[in-house]
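J.: To start, I am sharing the structure in question, which I have written as structure tokens.
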Amino acid sequence: MREAATRPHTLSVVLAGGEGKRLMPLTADRAKPAVPFGGQYRLIDFALSNLANGGYRRIVVLTQYKSHSLDVHLARTWRLASFLGNYVTSVPAQMRKGPRWFSGSADALYQNLNLIDDERPAYVFVFGADHVYRIDPRQMLDQHIESGAGVTVAAVRVPVEQADQFGVIERGTGTAISAFREKPQTAEGLSDDPTKVLASMGNYVFSTEVLLEALHADAADPDSRHDIGGNLIPSLVSGGLAHVYDFLDNQVPGEEPPSHYWRDVGTLDAYHEAHLDLVAPLPEFDLYNNRWPIHTVVRTMPPPKIVAIGKYGAGHVADAMLSNGVILSGATVHRSVLSPGVRVGGGATVEDSILLDDVTVGEGAIIRRAVLDKGVTIPAGATVGIDHEADVARGLTLTPGGVVALGKHQPFGPAE
């Protein structure tokens with residue numbers, strides 16, 4: 001791996017303009033990359049931490065929908081030493097190519113070509129902003145340079161039966177991509193593991209000249225959807241310029257053995273499941289890797305507190321993550337993640353749930369398989385996730401997987 005002094009000039013672009021409709025109601029008031037995760041983080045912190053830990057600290061974040069919460073988080077959290085040439089800066093849709101929003105991920109890059117012109121990098125990372133994972137991008141860039149690729153696509157191995165959920169990569173000679181198929185109904189397994197296929201992680205590294213040429217050609221194509229995975233990559237595959245980087249080859253410092261954990265938390269069910277991964281006794285994704293930390297800014301609050309109260313005693317806590325400011329008063333909390341400022345009253349039970357900042361659960365309430373957004377108050381004796389018909393009648397969201405969700409400050413009204 002190249003030393004920092006010999007590394008080529010690289011610009012990183014993080015795409016953070018998605019609406020995240022499938023994460024409603026969590027995205028009713030915020031962009032998907034700004035959705036809280038893991039008690040104290042935002043989804044975008046994972047992509048930014050991977051780049052920053054790898055030494056790539058000239059980062060632009062392209063935003064569009066409901067970006068205020070995201071912009072505030074970036075301003076408060078990601079202040080890098082500018083006198084060293086480092087920066088993380090939010091770039092809203094500027095309409096430099098006409099009075100229109102981004103029509104796709106490739107169009108988002110095309111409308112911001114001035115950023116590449118100003119920085120003049122040799123290579124450009126393009127990362128998505130809403131996945132949970134660790135990757136050392138230095139190793140990906142090293143392979144890109146050594147292979148002579150125009151673009152390298154990071155890929156994770158997923159079960160072949162899930163191929164219709166991803167952009168699937170078919171590998172040719174060496175690391176070259178022979179075909180890129182978007183959500184195919186059928187797919188052939190890998191030669192070294194017939195049960196798996198290579199799925200795009202939404203992370204790319206481009207040689208700058210190849211990227212510029214591809215973006216201009218895509219912008220001129222009236223039939224294009226102007227999407228990186230749907231249009232840009234297949235075009236570069238046809239030209240013999242696309243290679244794949246197998247996530248299994250990445251060795252993140254401090255991970256022994258390497259977990260190669262990657263999750264697309266694009267739905268409430270996936271978001272809920274990824275949180276339960278965190279609280280398992282032997283978690284698939286370990287937040288406690290100090291050699292490759294996930295960076296964020298934490299609210300200034302006291303440590304979590306567990307108190308015994310009256311007839312309820314001390315309650316019981318197991319397989320749970322408790323953030324700063326959490327107070328449990330004789331409560332039971334199992335397999336759950338509680339964010340800063342959460343209060344759980346005497347005799348209340350929280351199981352298999354994610355409670356975001358400042359949620360209050362009243363005495364004797366029961367919360368099961370739920371996601372409660374910031375500021376939600378559950379009255380004493382109420383239930384969430386026990387009677388789905390009553391939950392829906394109250395206006396709560398019920399997912400196909402049986403997870404119940406309340407939006408930010410959503411009132412817990414009576415069942416109609």
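Ordering of the structure tokens sets the chain letters (A, B, ...); residue numbers start at 1 within each chain; ligands are numbered from 1 in the order shown.
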Write out as a ChimeraX atom specification each polymer residue whose atoms come within 9 Å of Arg79 of chain A, counting only C-alpha atoms; drop sequence neighbours fewer than 4 positions from it.

T.: /A:74-75,86-89

J.: Grab the residues selected above and save them as a PDB file, in the first residue's frame with C-alpha atoms.

T.:
```
ATOM      1  CA  LEU A  74     -21.890  18.278   8.476  1.00  0.00           C
ATOM      2  CA  ALA A  75     -21.167  21.801   9.738  1.00  0.00           C
ATOM      3  CA  ASN A  86      -8.616  19.235   4.087  1.00  0.00           C
ATOM      4  CA  TYR A  87     -12.345  19.872   3.905  1.00  0.00           C
ATOM      5  CA  VAL A  88     -15.780  18.283   3.994  1.00  0.00           C
ATOM      6  CA  THR A  89     -18.222  20.648   2.355  1.00  0.00           C
TER       7      THR A  89
END
```

J.: Give me, as JSON lines, the closest atom pair and its distance (Å, one decimal) for every residue of segment 337-396 of chain A within a cut-off of 12 Å of segment 321-331 of chain A, counting only C-alpha atoms, rows sorted by chain and rising number.

T.:
```
{"residue": "A:Val337", "atom": "CA", "partner": "A:Met321", "partner_atom": "CA", "distance": 4.8}
{"residue": "A:Leu338", "atom": "CA", "partner": "A:Leu322", "partner_atom": "CA", "distance": 5.1}
{"residue": "A:Ser339", "atom": "CA", "partner": "A:Ser323", "partner_atom": "CA", "distance": 5.1}
{"residue": "A:Pro340", "atom": "CA", "partner": "A:Ser323", "partner_atom": "CA", "distance": 5.0}
{"residue": "A:Gly341", "atom": "CA", "partner": "A:Gly325", "partner_atom": "CA", "distance": 4.5}
{"residue": "A:Val342", "atom": "CA", "partner": "A:Val326", "partner_atom": "CA", "distance": 4.8}
{"residue": "A:Arg343", "atom": "CA", "partner": "A:Ile327", "partner_atom": "CA", "distance": 5.0}
{"residue": "A:Val344", "atom": "CA", "partner": "A:Leu328", "partner_atom": "CA", "distance": 5.0}
{"residue": "A:Gly345", "atom": "CA", "partner": "A:Ser329", "partner_atom": "CA", "distance": 5.2}
{"residue": "A:Gly346", "atom": "CA", "partner": "A:Gly330", "partner_atom": "CA", "distance": 4.6}
{"residue": "A:Gly347", "atom": "CA", "partner": "A:Ala331", "partner_atom": "CA", "distance": 5.1}
{"residue": "A:Ala348", "atom": "CA", "partner": "A:Ala331", "partner_atom": "CA", "distance": 5.1}
{"residue": "A:Thr349", "atom": "CA", "partner": "A:Ala331", "partner_atom": "CA", "distance": 6.0}
{"residue": "A:Val350", "atom": "CA", "partner": "A:Ala331", "partner_atom": "CA", "distance": 8.0}
{"residue": "A:Glu351", "atom": "CA", "partner": "A:Ala331", "partner_atom": "CA", "distance": 10.9}
{"residue": "A:Asp352", "atom": "CA", "partner": "A:Met321", "partner_atom": "CA", "distance": 11.5}
{"residue": "A:Ser353", "atom": "CA", "partner": "A:Met321", "partner_atom": "CA", "distance": 10.8}
{"residue": "A:Ile354", "atom": "CA", "partner": "A:Met321", "partner_atom": "CA", "distance": 9.7}
{"residue": "A:Leu355", "atom": "CA", "partner": "A:Leu322", "partner_atom": "CA", "distance": 10.0}
{"residue": "A:Leu356", "atom": "CA", "partner": "A:Ser323", "partner_atom": "CA", "distance": 9.9}
{"residue": "A:Asp357", "atom": "CA", "partner": "A:Val326", "partner_atom": "CA", "distance": 9.2}
{"residue": "A:Asp358", "atom": "CA", "partner": "A:Val326", "partner_atom": "CA", "distance": 8.5}
{"residue": "A:Val359", "atom": "CA", "partner": "A:Val326", "partner_atom": "CA", "distance": 9.6}
{"residue": "A:Thr360", "atom": "CA", "partner": "A:Ile327", "partner_atom": "CA", "distance": 9.8}
{"residue": "A:Val361", "atom": "CA", "partner": "A:Leu328", "partner_atom": "CA", "distance": 9.7}
{"residue": "A:Gly362", "atom": "CA", "partner": "A:Ala331", "partner_atom": "CA", "distance": 10.1}
{"residue": "A:Glu363", "atom": "CA", "partner": "A:Ala331", "partner_atom": "CA", "distance": 8.5}
{"residue": "A:Gly364", "atom": "CA", "partner": "A:Ala331", "partner_atom": "CA", "distance": 8.5}
{"residue": "A:Ala365", "atom": "CA", "partner": "A:Ala331", "partner_atom": "CA", "distance": 9.7}
{"residue": "A:Ile366", "atom": "CA", "partner": "A:Ala331", "partner_atom": "CA", "distance": 10.1}
{"residue": "A:Ile367", "atom": "CA", "partner": "A:Ala331", "partner_atom": "CA", "distance": 11.4}
```

J.: Apply DSSP to the backbone of this structure and, from segment 184-398 of chain A, keep only the residues in helix (DSSP H, G or I); write these as a PyMOL selection string.

T.: chain A and resi 208-219+228-238+247-249+268-279+310-312+388-393

J.: Report as JSON lines the residues of segment 29-122 of chain A within 10 Å of segment 129-144 of chain A, each with its shortest atom pair and distance in Å (one decimal), using only C-alpha atoms, ordered by chain and increasing residue number.

T.:
```
{"residue": "A:Ala31", "atom": "CA", "partner": "A:Asp130", "partner_atom": "CA", "distance": 9.9}
{"residue": "A:Lys32", "atom": "CA", "partner": "A:Asp130", "partner_atom": "CA", "distance": 6.8}
{"residue": "A:Pro33", "atom": "CA", "partner": "A:Asp130", "partner_atom": "CA", "distance": 5.1}
{"residue": "A:Ala34", "atom": "CA", "partner": "A:Asp130", "partner_atom": "CA", "distance": 8.5}
{"residue": "A:Val35", "atom": "CA", "partner": "A:Asp130", "partner_atom": "CA", "distance": 8.7}
{"residue": "A:Phe37", "atom": "CA", "partner": "A:Val132", "partner_atom": "CA", "distance": 9.0}
{"residue": "A:Gly38", "atom": "CA", "partner": "A:Val132", "partner_atom": "CA", "distance": 9.9}
{"residue": "A:Arg42", "atom": "CA", "partner": "A:Asp130", "partner_atom": "CA", "distance": 8.8}
{"residue": "A:Leu43", "atom": "CA", "partner": "A:Asp130", "partner_atom": "CA", "distance": 5.2}
{"residue": "A:Ile44", "atom": "CA", "partner": "A:Ala129", "partner_atom": "CA", "distance": 4.8}
{"residue": "A:Asp45", "atom": "CA", "partner": "A:Ala129", "partner_atom": "CA", "distance": 8.0}
{"residue": "A:Phe46", "atom": "CA", "partner": "A:Val132", "partner_atom": "CA", "distance": 6.1}
{"residue": "A:Ala47", "atom": "CA", "partner": "A:Ala129", "partner_atom": "CA", "distance": 5.8}
{"residue": "A:Leu48", "atom": "CA", "partner": "A:Ala129", "partner_atom": "CA", "distance": 8.0}
{"residue": "A:Ser49", "atom": "CA", "partner": "A:Arg134", "partner_atom": "CA", "distance": 8.4}
{"residue": "A:Asn50", "atom": "CA", "partner": "A:Ile135", "partner_atom": "CA", "distance": 5.9}
{"residue": "A:Leu51", "atom": "CA", "partner": "A:Pro137", "partner_atom": "CA", "distance": 6.5}
{"residue": "A:Ala52", "atom": "CA", "partner": "A:Pro137", "partner_atom": "CA", "distance": 9.5}
{"residue": "A:Asn53", "atom": "CA", "partner": "A:Asp136", "partner_atom": "CA", "distance": 7.7}
{"residue": "A:Gly54", "atom": "CA", "partner": "A:Asp136", "partner_atom": "CA", "distance": 5.8}
{"residue": "A:Gly55", "atom": "CA", "partner": "A:Arg138", "partner_atom": "CA", "distance": 8.1}
{"residue": "A:Tyr56", "atom": "CA", "partner": "A:Pro137", "partner_atom": "CA", "distance": 8.4}
{"residue": "A:Val61", "atom": "CA", "partner": "A:Ala129", "partner_atom": "CA", "distance": 8.7}
{"residue": "A:Leu62", "atom": "CA", "partner": "A:Ala129", "partner_atom": "CA", "distance": 9.7}
```

J.: Would you save the residues of that selection, restricted to C-alpha atoms, as a PDB file, in the first residue's frame?

T.:
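This is the output file out.pdb:
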```pdb
ATOM      1  CA  ALA A  31     -32.624  13.396   3.966  1.00  0.00           C
ATOM      2  CA  LYS A  32     -31.866   9.680   4.106  1.00  0.00           C
ATOM      3  CA  PRO A  33     -28.112  10.187   4.828  1.00  0.00           C
ATOM      4  CA  ALA A  34     -29.093  12.268   7.884  1.00  0.00           C
ATOM      5  CA  VAL A  35     -31.147   9.467   9.455  1.00  0.00           C
ATOM      6  CA  PHE A  37     -28.143   5.185  13.336  1.00  0.00           C
ATOM      7  CA  GLY A  38     -26.515   3.240  16.135  1.00  0.00           C
ATOM      8  CA  ARG A  42     -25.935   9.543  11.168  1.00  0.00           C
ATOM      9  CA  LEU A  43     -25.858   7.223   8.177  1.00  0.00           C
ATOM     10  CA  ILE A  44     -23.495   9.536   6.289  1.00  0.00           C
ATOM     11  CA  ASP A  45     -20.897   9.224   9.077  1.00  0.00           C
ATOM     12  CA  PHE A  46     -19.954   5.738   7.831  1.00  0.00           C
ATOM     13  CA  ALA A  47     -18.971   6.818   4.311  1.00  0.00           C
ATOM     14  CA  LEU A  48     -17.219   9.950   5.565  1.00  0.00           C
ATOM     15  CA  SER A  49     -15.331   8.039   8.272  1.00  0.00           C
ATOM     16  CA  ASN A  50     -14.077   5.456   5.773  1.00  0.00           C
ATOM     17  CA  LEU A  51     -12.718   8.192   3.510  1.00  0.00           C
ATOM     18  CA  ALA A  52     -11.244  10.265   6.341  1.00  0.00           C
ATOM     19  CA  ASN A  53      -9.652   7.253   8.058  1.00  0.00           C
ATOM     20  CA  GLY A  54      -8.093   6.299   4.722  1.00  0.00           C
ATOM     21  CA  GLY A  55      -6.520   9.743   4.424  1.00  0.00           C
ATOM     22  CA  TYR A  56      -8.883  11.107   1.739  1.00  0.00           C
ATOM     23  CA  VAL A  61     -21.175  16.086  -0.273  1.00  0.00           C
ATOM     24  CA  LEU A  62     -23.833  16.581  -2.957  1.00  0.00           C
TER      25      LEU A  62
END
```

J.: What's the separation between atom CA of Ile386 of chain A and atom CA of Gly402 of chain A, in Å to one decimal place?

T.: 10.2 Å

J.: Pick the closest to Asp29 of chain A from A:His409, A:Glu389, A:His272, A:Val124: which is it, counting only C-alpha atoms?

T.: A:His409
